[in-house]
Every structure is written in C-alpha cells, then in structure tokens.
>>> print(open('structure_30.txt').read())   # compact mmCIF, C-alpha atoms
# COMPACT_ATOMS: atom_id res chain seq x y z
CA MET J 1 -32.26 19.82 -17.34
CA PRO J 2 -32.02 17.29 -14.50
CA ASN J 3 -29.12 17.45 -12.07
CA ASP J 4 -26.19 15.07 -12.38
CA ALA J 5 -26.88 11.73 -10.73
CA PRO J 6 -25.19 10.89 -7.42
CA PRO J 7 -22.69 8.01 -7.50
CA LEU J 8 -24.62 4.84 -8.36
CA ILE J 9 -23.74 1.81 -6.22
CA LEU J 10 -24.80 -1.79 -6.80
CA THR J 11 -25.21 -3.95 -3.72
CA PHE J 12 -25.66 -7.72 -3.64
CA GLY J 13 -27.17 -9.24 -0.50
CA PRO J 14 -30.21 -10.65 1.25
CA ALA J 15 -33.40 -8.72 1.95
CA ASP J 16 -33.87 -8.06 5.67
CA PRO J 17 -37.48 -7.08 6.48
CA THR J 18 -36.33 -5.07 9.50
CA GLY J 19 -33.97 -2.87 7.47
CA ALA J 20 -31.15 -3.36 9.97
CA THR J 21 -28.95 -5.45 7.67
CA GLY J 22 -28.84 -6.57 4.04
CA VAL J 23 -29.65 -4.51 0.99
CA GLN J 24 -32.16 -2.28 2.77
CA ALA J 25 -29.48 -1.22 5.23
CA ASP J 26 -26.99 -0.67 2.41
CA ILE J 27 -29.35 1.58 0.48
CA LEU J 28 -30.00 3.69 3.59
CA THR J 29 -26.26 4.04 4.20
CA PHE J 30 -25.50 4.91 0.57
CA ALA J 31 -28.17 7.63 0.64
CA SER J 32 -26.86 9.03 3.91
CA MET J 33 -23.36 9.21 2.39
CA GLY J 34 -24.52 10.93 -0.80
CA GLY J 35 -24.85 7.88 -3.07
CA TYR J 36 -27.75 6.13 -4.76
CA GLY J 37 -28.14 2.41 -4.26
CA VAL J 38 -29.51 -0.21 -6.62
CA SER J 39 -29.71 -3.81 -5.49
CA VAL J 40 -29.68 -7.44 -6.50
CA LEU J 41 -31.14 -9.83 -3.94
CA THR J 42 -29.31 -13.02 -3.05
CA GLY J 43 -32.08 -14.22 -0.72
CA TYR J 44 -34.84 -13.37 1.74
CA THR J 45 -34.57 -13.60 5.51
CA LEU J 46 -37.24 -14.41 8.08
CA GLN J 47 -36.34 -12.25 11.06
CA ASP J 48 -37.21 -9.55 13.55
CA SER J 49 -35.10 -7.35 15.81
CA ARG J 50 -34.29 -10.34 18.04
CA THR J 51 -33.25 -13.14 15.72
CA CYS J 52 -33.11 -14.54 12.19
CA ASP J 53 -35.00 -17.83 11.88
CA ASP J 54 -34.45 -18.71 8.23
CA VAL J 55 -33.15 -17.54 4.87
CA VAL J 56 -34.25 -18.53 1.38
CA ALA J 57 -31.76 -18.17 -1.47
CA VAL J 58 -32.50 -16.59 -4.85
CA ASP J 59 -31.57 -18.58 -7.97
CA ALA J 60 -28.04 -17.78 -9.16
CA GLU J 61 -29.10 -17.30 -12.78
CA LEU J 62 -31.66 -14.69 -11.74
CA ILE J 63 -28.99 -12.87 -9.74
CA ALA J 64 -26.67 -12.69 -12.74
CA ASP J 65 -29.45 -11.62 -15.14
CA GLN J 66 -30.65 -8.83 -12.85
CA ALA J 67 -27.13 -7.54 -12.25
CA ARG J 68 -26.33 -7.42 -15.95
CA MET J 69 -29.56 -5.55 -16.71
CA LEU J 70 -28.59 -2.85 -14.21
CA LEU J 71 -24.99 -2.67 -15.37
CA GLU J 72 -25.94 -2.36 -19.04
CA ASP J 73 -28.34 0.47 -18.20
CA MET J 74 -26.56 2.53 -15.52
CA PRO J 75 -22.99 3.79 -14.91
CA ILE J 76 -22.38 1.95 -11.65
CA ALA J 77 -19.48 3.43 -9.64
CA ALA J 78 -18.86 0.67 -7.08
CA PHE J 79 -19.99 -2.76 -5.89
CA LYS J 80 -20.77 -4.03 -2.40
CA VAL J 81 -21.19 -7.77 -1.85
CA GLY J 82 -22.69 -8.95 1.43
CA GLY J 83 -24.21 -12.32 2.26
CA THR J 84 -24.37 -14.46 -0.89
CA ILE J 85 -25.99 -17.45 0.92
CA ARG J 86 -24.93 -20.15 -1.57
CA ALA J 87 -21.70 -20.97 -3.39
CA GLU J 88 -23.56 -20.78 -6.72
CA ASN J 89 -24.58 -17.21 -5.91
CA ALA J 90 -21.03 -16.20 -5.04
CA SER J 91 -19.83 -17.73 -8.31
CA ALA J 92 -22.48 -15.92 -10.36
CA ILE J 93 -21.64 -12.56 -8.77
CA ALA J 94 -17.91 -13.13 -9.24
CA GLU J 95 -18.44 -13.79 -12.95
CA VAL J 96 -20.48 -10.60 -13.36
CA VAL J 97 -18.09 -8.27 -11.51
CA SER J 98 -15.06 -9.73 -13.31
CA ASP J 99 -16.16 -7.75 -16.38
CA TYR J 100 -15.72 -4.53 -14.35
CA ASP J 101 -12.31 -5.07 -12.78
CA ASP J 102 -11.55 -1.34 -12.67
CA MET J 103 -14.48 -0.73 -10.32
CA PRO J 104 -14.13 -0.77 -6.49
CA LEU J 105 -15.61 -3.87 -4.86
CA ILE J 106 -16.23 -4.09 -1.13
CA LEU J 107 -16.78 -7.58 0.23
CA ALA J 108 -18.45 -8.13 3.63
CA PRO J 109 -19.32 -11.85 3.71
CA ASP J 110 -21.82 -13.23 6.19
CA PHE J 111 -21.41 -16.90 7.07
CA THR J 112 -23.82 -16.80 10.04
CA LEU J 113 -27.20 -16.82 8.30
CA PRO J 114 -29.31 -19.88 9.20
CA GLY J 115 -31.10 -22.22 6.81
CA GLU J 116 -30.52 -25.21 4.58
CA HIS J 117 -27.50 -23.59 2.94
CA LEU J 118 -25.50 -24.29 6.11
CA LEU J 119 -25.16 -27.84 4.79
CA SER J 120 -22.91 -26.41 2.06
CA ALA J 121 -21.14 -23.82 4.23
CA ASP J 122 -17.67 -25.04 3.24
CA GLU J 123 -18.48 -24.60 -0.46
CA LEU J 124 -19.79 -21.08 0.19
CA ARG J 125 -16.64 -20.04 2.04
CA GLU J 126 -14.39 -21.56 -0.62
CA ALA J 127 -16.26 -19.85 -3.47
CA THR J 128 -16.12 -16.53 -1.64
CA ALA J 129 -12.40 -16.90 -0.95
CA THR J 130 -11.32 -18.12 -4.39
CA LEU J 131 -13.70 -16.20 -6.66
CA LEU J 132 -14.75 -12.97 -4.92
CA ALA J 133 -11.92 -12.11 -2.52
CA PRO J 134 -9.28 -11.92 -5.31
CA GLN J 135 -11.35 -9.21 -7.00
CA THR J 136 -11.90 -7.23 -3.79
CA THR J 137 -10.71 -3.70 -3.07
CA VAL J 138 -11.51 -3.85 0.66
CA LEU J 139 -12.51 -7.03 2.49
CA VAL J 140 -14.43 -6.18 5.67
CA ALA J 141 -14.64 -9.13 8.04
CA SER J 142 -14.17 -10.32 11.60
CA HIS J 143 -11.15 -12.24 12.86
CA ALA J 144 -13.10 -15.52 12.61
CA SER J 145 -14.31 -14.85 9.06
CA ILE J 146 -10.79 -13.96 7.90
CA LEU J 147 -9.53 -17.33 9.15
CA LEU J 148 -12.39 -19.15 7.40
CA LEU J 149 -11.72 -17.37 4.11
CA ALA J 150 -8.01 -18.15 4.23
CA GLN J 151 -8.48 -21.89 4.81
CA PRO J 152 -8.57 -22.87 1.10
CA PHE J 153 -5.07 -21.39 0.71
CA LEU J 154 -3.49 -22.72 3.92
CA ASP J 155 -2.22 -26.14 4.94
CA ALA J 156 -3.05 -25.70 8.64
CA ASP J 157 -6.55 -25.15 10.04
CA ASN J 158 -5.30 -23.07 12.98
CA ALA J 159 -3.10 -20.55 11.17
CA PRO J 160 -2.42 -17.21 12.91
CA LEU J 161 -4.39 -14.16 11.81
CA ASP J 162 -1.37 -12.45 10.23
CA GLU J 163 -0.76 -15.45 8.00
CA ALA J 164 -4.43 -15.58 6.99
CA ILE J 165 -4.43 -11.88 6.10
CA GLY J 166 -1.19 -12.29 4.15
CA VAL J 167 -2.46 -15.15 2.01
CA LEU J 168 -5.66 -13.25 1.12
CA LEU J 169 -3.58 -10.25 0.06
CA GLU J 170 -1.25 -12.48 -1.96
CA HIS J 171 -4.23 -13.92 -3.86
CA GLY J 172 -5.47 -10.53 -5.05
CA CYS J 173 -7.39 -8.81 -2.26
CA GLU J 174 -6.11 -5.20 -2.13
CA TYR J 175 -6.94 -4.39 1.52
CA VAL J 176 -8.22 -6.41 4.48
CA LEU J 177 -10.09 -4.61 7.26
CA VAL J 178 -10.27 -6.80 10.37
CA THR J 179 -13.18 -5.59 12.48
CA ASP J 180 -13.72 -5.51 16.23
CA SER J 181 -10.68 -7.48 17.40
CA GLY J 182 -10.58 -5.81 20.83
CA THR J 183 -12.24 -6.61 24.15
CA GLN J 184 -12.85 -3.50 26.23
CA GLN J 185 -12.76 -1.33 23.10
CA VAL J 186 -13.45 -1.88 19.41
CA ILE J 187 -10.18 -2.15 17.47
CA ASN J 188 -10.25 -2.20 13.66
CA THR J 189 -7.06 -2.83 11.67
CA LEU J 190 -6.53 -2.18 7.96
CA HIS J 191 -3.88 -4.25 6.17
CA GLY J 192 -2.42 -3.83 2.69
CA GLU J 193 0.49 -5.18 0.68
CA THR J 194 2.95 -3.13 2.76
CA GLY J 195 1.58 -4.44 6.08
CA LEU J 196 -0.51 -2.59 8.67
CA VAL J 197 -1.95 0.55 7.07
CA ARG J 198 -3.90 1.90 10.03
CA GLN J 199 -5.38 0.88 13.37
CA ASP J 200 -8.38 2.64 14.88
CA THR J 201 -9.81 2.27 18.37
CA TRP J 202 -13.41 3.13 19.20
CA GLU J 203 -15.77 3.16 22.15
CA ARG J 204 -17.71 -0.08 22.55
CA MET J 205 -21.46 0.45 22.78
CA PRO J 206 -23.11 -0.79 26.02
CA TYR J 207 -25.97 -2.28 23.97
CA PRO J 208 -26.09 -4.74 21.03
CA VAL J 209 -26.39 -2.99 17.64
CA ALA J 210 -27.51 -4.90 14.55
CA GLY J 211 -25.92 -4.28 11.16
CA ALA J 212 -22.62 -2.72 12.22
CA THR J 213 -20.54 -4.58 9.63
CA ASP J 214 -23.02 -3.90 6.81
CA THR J 215 -23.06 -0.21 7.74
CA LEU J 216 -19.28 0.05 7.82
CA ALA J 217 -18.84 -1.78 4.51
CA ALA J 218 -21.59 0.22 2.80
CA ALA J 219 -20.11 3.50 4.01
CA ILE J 220 -16.69 2.52 2.65
CA THR J 221 -18.32 1.62 -0.67
CA ALA J 222 -20.09 4.97 -0.91
CA LEU J 223 -16.90 6.87 -0.14
CA LEU J 224 -14.89 4.92 -2.73
CA ALA J 225 -17.64 5.59 -5.26
CA SER J 226 -17.17 9.30 -4.50
CA GLY J 227 -13.46 9.11 -5.25
CA LEU J 228 -11.73 8.63 -1.88
CA GLU J 229 -8.73 6.34 -1.59
CA PRO J 230 -9.29 3.19 0.51
CA PRO J 231 -7.35 4.20 3.67
CA ALA J 232 -9.16 7.55 3.86
CA ALA J 233 -12.50 5.92 3.08
CA VAL J 234 -11.97 3.35 5.84
CA ARG J 235 -11.23 6.06 8.41
CA GLU J 236 -14.19 8.26 7.43
CA ALA J 237 -16.55 5.26 7.30
CA GLN J 238 -15.55 4.30 10.84
CA GLU J 239 -16.32 7.80 12.06
CA TYR J 240 -19.74 7.54 10.43
CA LEU J 241 -20.35 4.11 11.99
CA GLN J 242 -19.50 5.42 15.44
CA GLN J 243 -22.07 8.19 15.08
CA VAL J 244 -24.86 5.93 13.82
CA MET J 245 -24.21 3.55 16.71
CA LEU J 246 -24.11 6.32 19.32
CA ASN J 247 -27.50 7.42 17.98
CA ALA J 248 -28.90 3.89 17.71
CA PHE J 249 -32.54 3.26 18.58
CA ARG J 250 -34.47 0.18 19.70
CA PRO J 251 -37.53 -0.37 17.46
CA GLY J 252 -38.63 -3.68 18.97
CA MET J 253 -37.81 -6.09 21.78
CA GLY J 254 -34.38 -7.09 20.49
CA ARG J 255 -31.25 -5.34 19.30
CA TYR J 256 -30.70 -1.65 18.68
CA PHE J 257 -30.57 -0.42 15.06
CA PRO J 258 -28.11 2.15 13.69
CA ASP J 259 -29.65 5.56 13.01
CA ARG J 260 -28.10 6.06 9.59
CA PHE J 261 -29.73 9.48 9.24
CA PHE J 262 -28.76 10.76 12.68
CA TRP J 263 -27.61 14.02 11.10
CA ALA J 264 -31.07 14.69 9.64
CA ARG J 265 -32.71 14.07 13.00
CA GLY J 266 -30.31 16.55 14.58
CA ASP J 267 -31.15 19.20 11.98
CA GLU J 268 -34.85 18.69 12.64
CA SER J 269 -34.28 19.12 16.38
CA GLU J 270 -32.40 22.36 15.75
CA ALA J 271 -35.18 23.57 13.48
CA ASP J 272 -37.83 22.74 16.09
CA GLU J 273 -35.88 24.53 18.81
CA ALA J 274 -35.33 27.52 16.54
CA GLY J 275 -39.02 27.64 15.72
CA GLU J 276 -39.94 27.70 19.37
CA SER J 277 -37.44 30.46 20.14
CA GLY J 278 -38.13 32.47 17.01
CA GLU J 279 -34.46 32.24 15.96
CA PRO J 280 -33.07 30.56 12.83
CA ALA J 281 -31.29 27.21 13.15
CA SER J 282 -27.53 27.25 12.79
CA SER J 283 -26.15 26.17 9.40
>>> encode(input="structure_30.txt", output="structure tokens")
Amino acid sequence: MPNDAPPLILTFGPADPTGATGVQADILTFASMGGYGVSVLTGYTLQDSRTCDDVVAVDAELIADQARMLLEDMPIAAFKVGGTIRAENASAIAEVVSDYDDMPLILAPDFTLPGEHLLSADELREATATLLAPQTTVLVASHASILLLAQPFLDADNAPLDEAIGVLLEHGCEYVLVTDSGTQQVINTLHGETGLVRQDTWERMPYPVAGATDTLAAAITALLASGLEPPAAVREAQEYLQQVMLNAFRPGMGRYFPDRFFWARGDESEADEAGESGEPASS
C-alpha cells in the first residue's frame, strides 16, 4: 500500500522562470517543509536574476476552473495566494476559496510586478483588500503594502500603520505579519485581535536576496497545513527563512536566491566528509 500523502497545499501565483519567486519558489519551500505543492498560475513573468521586465496575466475563468478541478480531486490542507496580477484574478480566487472557509489561507500580495496591469493597480489592491484579506488567516506584507490594502476602509490616505493593521483585522483578517520594518536589522511583527502577538528581530543580509516574502509566506502555509497554530508557525517559518538566506547563492549576475534545501546540502557535505575519512556521517 502507498504511504499517506504529505499535506497538500494549493498555491496561486505567477510563474517565475528563475524559480526565485512565484509558484516555483512556493513548491520548493513546501517540499522542504514536508508538504506537497500543487499550483494554479495567475500569470507568467519575463525575468532573470536581475530584474522583471514584464508579466502576462492568465484569464480569470481559467484560474477558477483549474483550482476547482484540483480541489474536487485532492484533499487540500491550506492555500497560499501570492501575486494575482489583476483584480479579476483576485476576485476569481476569492470566490473559489470562500467555499473552503475552514482552511488556512496565507495571503502575500505583490503589487510591484510590471506590465499593463499597472493601469488598474487601484482595482487590484481594492479587490485584494475587500475580497481576499477578509478570508485570510495570516496576511504577510510590508509596511507599504499594509497601508495600500487598508486604503479602501480608511478616510485618510496617510493613516498610521497601527490604524491600517486594525482595520484589516476588523474586516476579517485573523493575523497580520508586517515584514522587515527595521533599518539596521530585520524586524517582523505579528498582530492579532488582541494586539501585538510577537515581534522578532533578525540579522539583515549584506546582499540582496530574491523571494524572501514568498519563502516566508510559503513556509507559514506549510506549517499551518501540518497543524501548527499561527503564532508558532510564524516563528518557525522565520527561523527557516533566516537559514535559507544565510545559505543563499548567486546563480547569475543579479540577486542572490534562497537555498531552500540548505539542510540537504549540509547532509551531503557531511556524507562526503565521512566518505573521505571512512567514518559514518552524524545523524
């Protein structure tokens, strides 16, 4: 008989040909954390390790049809939603996941992707804030993205961060993880209905690393799919992110990429050293 399947995780996001971000990065992170990723593409990017030149969106109806095929066939344990590219895509995903409201959903929106969709950036942010964020277990976003998401609910355009976080929580988001709000160090803060849940400070890498937010959000998703509670999942995911960034490598002429299987590389090094010495590797 086959073994039990690992936790199955459905990720929505763009395809990144470099594997540093998007669904390819999510699937690598899920696998490293003991999960199995299936994916629905929201678009295709044209990029290398230095820059992203363009992105082409997938039709919203195709996104919904593909997601429902997977969900009707497999016992998905958690959702991750990354860059949706267009408001129509965010709306289609929100409608699909609304039928599974007991399932963890991690939202890590990306409003920086280039392309024609930038002409409708306000609509994308509003759809994400009003349709996806209220269904979210953990929202993972930068200070700037939090403020953008809160705008549909606020009267002022320059509201303080605490007010923006509060309004997102009031409208249904369970937790908000504000990423990298420090200067000399990386400071991540997790907020819930009772206020500040935890604050974690980490070493800032001396080199630019692509895909940090996607890695963090995907790791949280995998841990929630395995049964951890959100505060514990957020802490453990940050520890994982720090390790993949410390072990980052530079495959091209641009940014460094996280080594999401750093632990496997370490085991191989131990095995090689053991082979040369004639001694077994430590377990």
>>> closest_residue(input="structure_30.txt", among="J:Pro7, J:Gly19, J:Gly254, J:Gly211", to="J:Ser226", atoms="all atoms listed in the file")
J:Pro7
>>> axis_aligned_box(input="structure_30.txt", around="stretch 19-34 of chain J", padding_each_side="4 Å", output="lines of an AutoDock Vina configuration file")
center_x = -28.7
center_y = 2.2
center_z = 4.6
size_x = 18.6
size_y = 25.5
size_z = 18.8
>>> closest_residue(input="structure_30.txt", among="J:Ala225, J:Ala248, J:Leu241, J:Val167", to="J:Pro208", atoms="only C-alpha atoms")
J:Ala248
>>> residues_around(input="structure_30.txt", residues="stretch 105-109 of chain J", least_positions_apart="2", cutoff="8 Å", atoms="only C-alpha atoms", output="PyMOL selection string")
chain J and resi 78-84+103+111+128+132-133+135-141+145+213-214+217-218+220-221
>>> closest_residue(input="structure_30.txt", among="J:Pro17, J:Gly252, J:Pro231, J:Pro160", to="J:Thr189", atoms="all atoms listed in the file")
J:Pro231
>>> residues_around(input="structure_30.txt", residues="J:His191", least_positions_apart="4", cutoff="8 Å", atoms="only C-alpha atoms", output="list in words")
Ile165, Tyr175, Val176, Leu177, Gly195, Leu196, Val197 and Arg198 of chain J
>>> atom_distance(input="structure_30.txt", atom1="atom CA of J:Leu124", atom2="atom CA of J:Leu147")
14.1 Å
>>> residues_near_point(input="structure_30.txt", point="(-14.2, -18.9, -5.8)", cutoff="10 Å", atoms="all atoms listed in the file", output="list in words")
Ala87, Glu88, Ala90, Ser91, Ala92, Ala94, Glu95, Glu123, Leu124, Arg125, Glu126, Ala127, Thr128, Ala129, Thr130, Leu131, Leu132, Ala133, Pro134 and Pro152 of chain J
>>> residues_around(input="structure_30.txt", residues="J:Arg50", least_positions_apart="6", cutoff="12 Å", atoms="all atoms listed in the file", output="number ranges by chain")
J: 18, 20, 208-210, 250-257
>>> residues_near_point(input="structure_30.txt", point="(-9.3, -2.9, 12.0)", cutoff="8 Å", atoms="all atoms listed in the file", output="PyMOL selection string")
chain J and resi 177-181+187-190+198-200
>>> atom_distance(input="structure_30.txt", atom1="atom CA of J:Gln66", atom2="atom CA of J:Val97")
12.6 Å
>>> atom_distance(input="structure_30.txt", atom1="atom CA of J:Leu113", atom2="atom CA of J:Ile85")
7.5 Å
>>> closest_residue(input="structure_30.txt", among="J:Phe12, J:Ala219, J:Gln151, J:Ile93", to="J:Ala233", atoms="all atoms listed in the file")
J:Ala219
>>> residues_around(input="structure_30.txt", residues="J:Asp259", least_positions_apart="3", cutoff="10 Å", atoms="all atoms listed in the file", output="MDAnalysis selection string")
chainID J and resid 20 28:29 241 243:250 256 262:265
>>> closest_residue(input="structure_30.txt", among="J:Met205, J:Leu224, J:Leu169, J:Val234", to="J:Phe30", atoms="only C-alpha atoms")
J:Leu224
>>> closest_residue(input="structure_30.txt", among="J:Pro230, J:Pro75, J:Pro6, J:Gly172", to="J:Ala31", atoms="only C-alpha atoms")
J:Pro6
